[in-house]
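Asks: Have a look at this one before I ask anything.
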Amino acid sequence: MLKNKKTFIFIVLVFALTSVLVFVFLKRTTTPRYQYAYIDVQQLVQAYNQTEEFQELYQKINEEFNSFNHALQEEADRQVETIKKEKGNRKKGKNASEQRKIEEEYGEKLRKLYQERQAETEKKQNEFYAQLDQAIFSKINEVTTKVAEQEGRPLVVVKKAVYYGGKDLTPQVLAMLKNSGEQGNE
């Protein structure tokens, strides 16, 4: 009876050890070697800029920017006319020396006006580019998240941060970006 008990324990141990080894082997072959992935952001940005979705967004924001500039220019033109009239009124009846001082004073006012308008235009242009950048990176992030979930990759980094290893998800993200850019307009 002792012999049967030892044989039984031996068989159970062999079976358990075999099961553990099979489990470890299967787990190792079915788990991706690299859990992280990477994307080439520059390539994705260039590709997304070509989509209809981006082109429509660009047109819309550009029209807003041009409308702002047009209104700003009209306002500046009115202010320049006001300054010129004011300068002309002040110069009446003045000698050459006083007229030169008035010219300098109003010349400075015009320079300040142009500098203010230039600063406003640059600020609006920066907002324009920031809005575009936000839209681009938001879309890339959205699509990358979907692809990473489909691929079972818990971590996605930019290509420049990878020295070795990982899986390149750029082609999958690129394909989905192009498809969503075309589908978004239908």
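In the structure tokens, chains take the letters A, B, ... in the order shown, each chain's residues start at 1, and ligands count up from 1 in the order shown.
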Leaving out stretch 57-63 of chain A and any residue of its chain fewer than 4 positions from it, which residues lie within 8 Å of it when counting only C-alpha atoms, given as a short mmCIF file (atom, residue, chain, number, x, y, z; two decimals) with N, CA, C and O atoms, in the first residue's frame?
Replies:
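What follows is the written file out-v9.cif:
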data_model
loop_
_atom_site.label_atom_id
_atom_site.label_comp_id
_atom_site.auth_asym_id
_atom_site.auth_seq_id
_atom_site.Cartn_x
_atom_site.Cartn_y
_atom_site.Cartn_z
N GLU A 53 -10.11 66.11 -43.27
CA GLU A 53 -10.56 66.58 -41.95
C GLU A 53 -9.68 67.75 -41.48
O GLU A 53 -10.19 68.78 -41.04
N SER A 67 -10.57 87.11 -40.92
CA SER A 67 -11.64 88.01 -40.51
C SER A 67 -11.16 88.92 -39.37
O SER A 67 -11.42 90.13 -39.38
N PHE A 128 -3.92 80.79 -33.29
CA PHE A 128 -4.30 80.01 -34.47
C PHE A 128 -3.47 78.73 -34.55
O PHE A 128 -4.00 77.63 -34.67
N LEU A 132 -4.53 74.69 -33.96
CA LEU A 132 -4.24 73.63 -34.93
C LEU A 132 -3.43 72.50 -34.28
O LEU A 132 -3.74 71.32 -34.47
#
Asks: With DSSP run on the backbone, what are the strand (DSSP E or B) residues within chain A? I'd like them as number ranges by chain.
Replies: A: 36-39, 155-158, 167-168
Asks: Save out the residues we just selected, C-alpha atoms, as a PDB file, in the first residue's frame.
Replies:
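Writing the result to again22.pdb gives the following:
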ATOM      1  CA  TYR A  36       5.510  48.852 -24.951  1.00  0.00           C
ATOM      2  CA  ALA A  37       5.167  50.359 -28.372  1.00  0.00           C
ATOM      3  CA  TYR A  38       6.205  53.560 -30.058  1.00  0.00           C
ATOM      4  CA  ILE A  39       4.964  55.964 -32.722  1.00  0.00           C
ATOM      5  CA  LEU A 155       2.549  51.952 -22.950  1.00  0.00           C
ATOM      6  CA  VAL A 156       3.189  53.938 -26.129  1.00  0.00           C
ATOM      7  CA  VAL A 157       6.092  56.360 -26.352  1.00  0.00           C
ATOM      8  CA  VAL A 158       7.482  58.586 -29.078  1.00  0.00           C
ATOM      9  CA  LYS A 167       6.757  47.624 -31.474  1.00  0.00           C
ATOM     10  CA  ASP A 168       6.219  50.369 -34.032  1.00  0.00           C
TER      11      ASP A 168
END
Asks: With distances taken over only C-alpha atoms, which residue among A:Lys92, A:Lys84, A:Lys146, A:Lys159 lies nearest A:Val173?
Replies: A:Lys146
Asks: Could you give me, as a VMD selection string, the residues within 8 Å of stretch 44-46 of chain A, counting only C-alpha atoms and dropping anything in the same chain fewer than 6 positions from it?
Replies: chain A and resid 136 to 137 140 170 173 to 174
Asks: Determine which residues of chain A DSSP labels as helix (DSSP H, G or I) from the backbone of this structure, then write them out as a ChimeraX atom specification.
Replies: /A:2-30,41-48,52-91,96-151,159-161,170-183
Asks: Using 8 Å as the limit and counting only C-alpha atoms, can you tabulate each residue of stretch 11-96 of chain A that touches stretch 108-114 of chain A, with its shortest atom-to-atom distance in Å and the two atoms involved, as CSV?
Replies:
residue,atom,partner,partner_atom,distance
A:Ala76,CA,A:Leu113,CA,7.5
A:Val80,CA,A:Leu110,CA,7.0
A:Ile83,CA,A:Leu110,CA,7.7
Asks: Next, the residues of the selection above should be written as a short mmCIF file (atom, residue, chain, number, x, y, z; two decimals), in the first residue's frame with C-alpha atoms.
Replies:
data_model
loop_
_atom_site.label_atom_id
_atom_site.label_comp_id
_atom_site.auth_asym_id
_atom_site.auth_seq_id
_atom_site.Cartn_x
_atom_site.Cartn_y
_atom_site.Cartn_z
CA ALA A 76 -6.27 100.76 -37.47
CA VAL A 80 -4.69 106.54 -38.47
CA ILE A 83 -4.44 110.85 -35.83
#
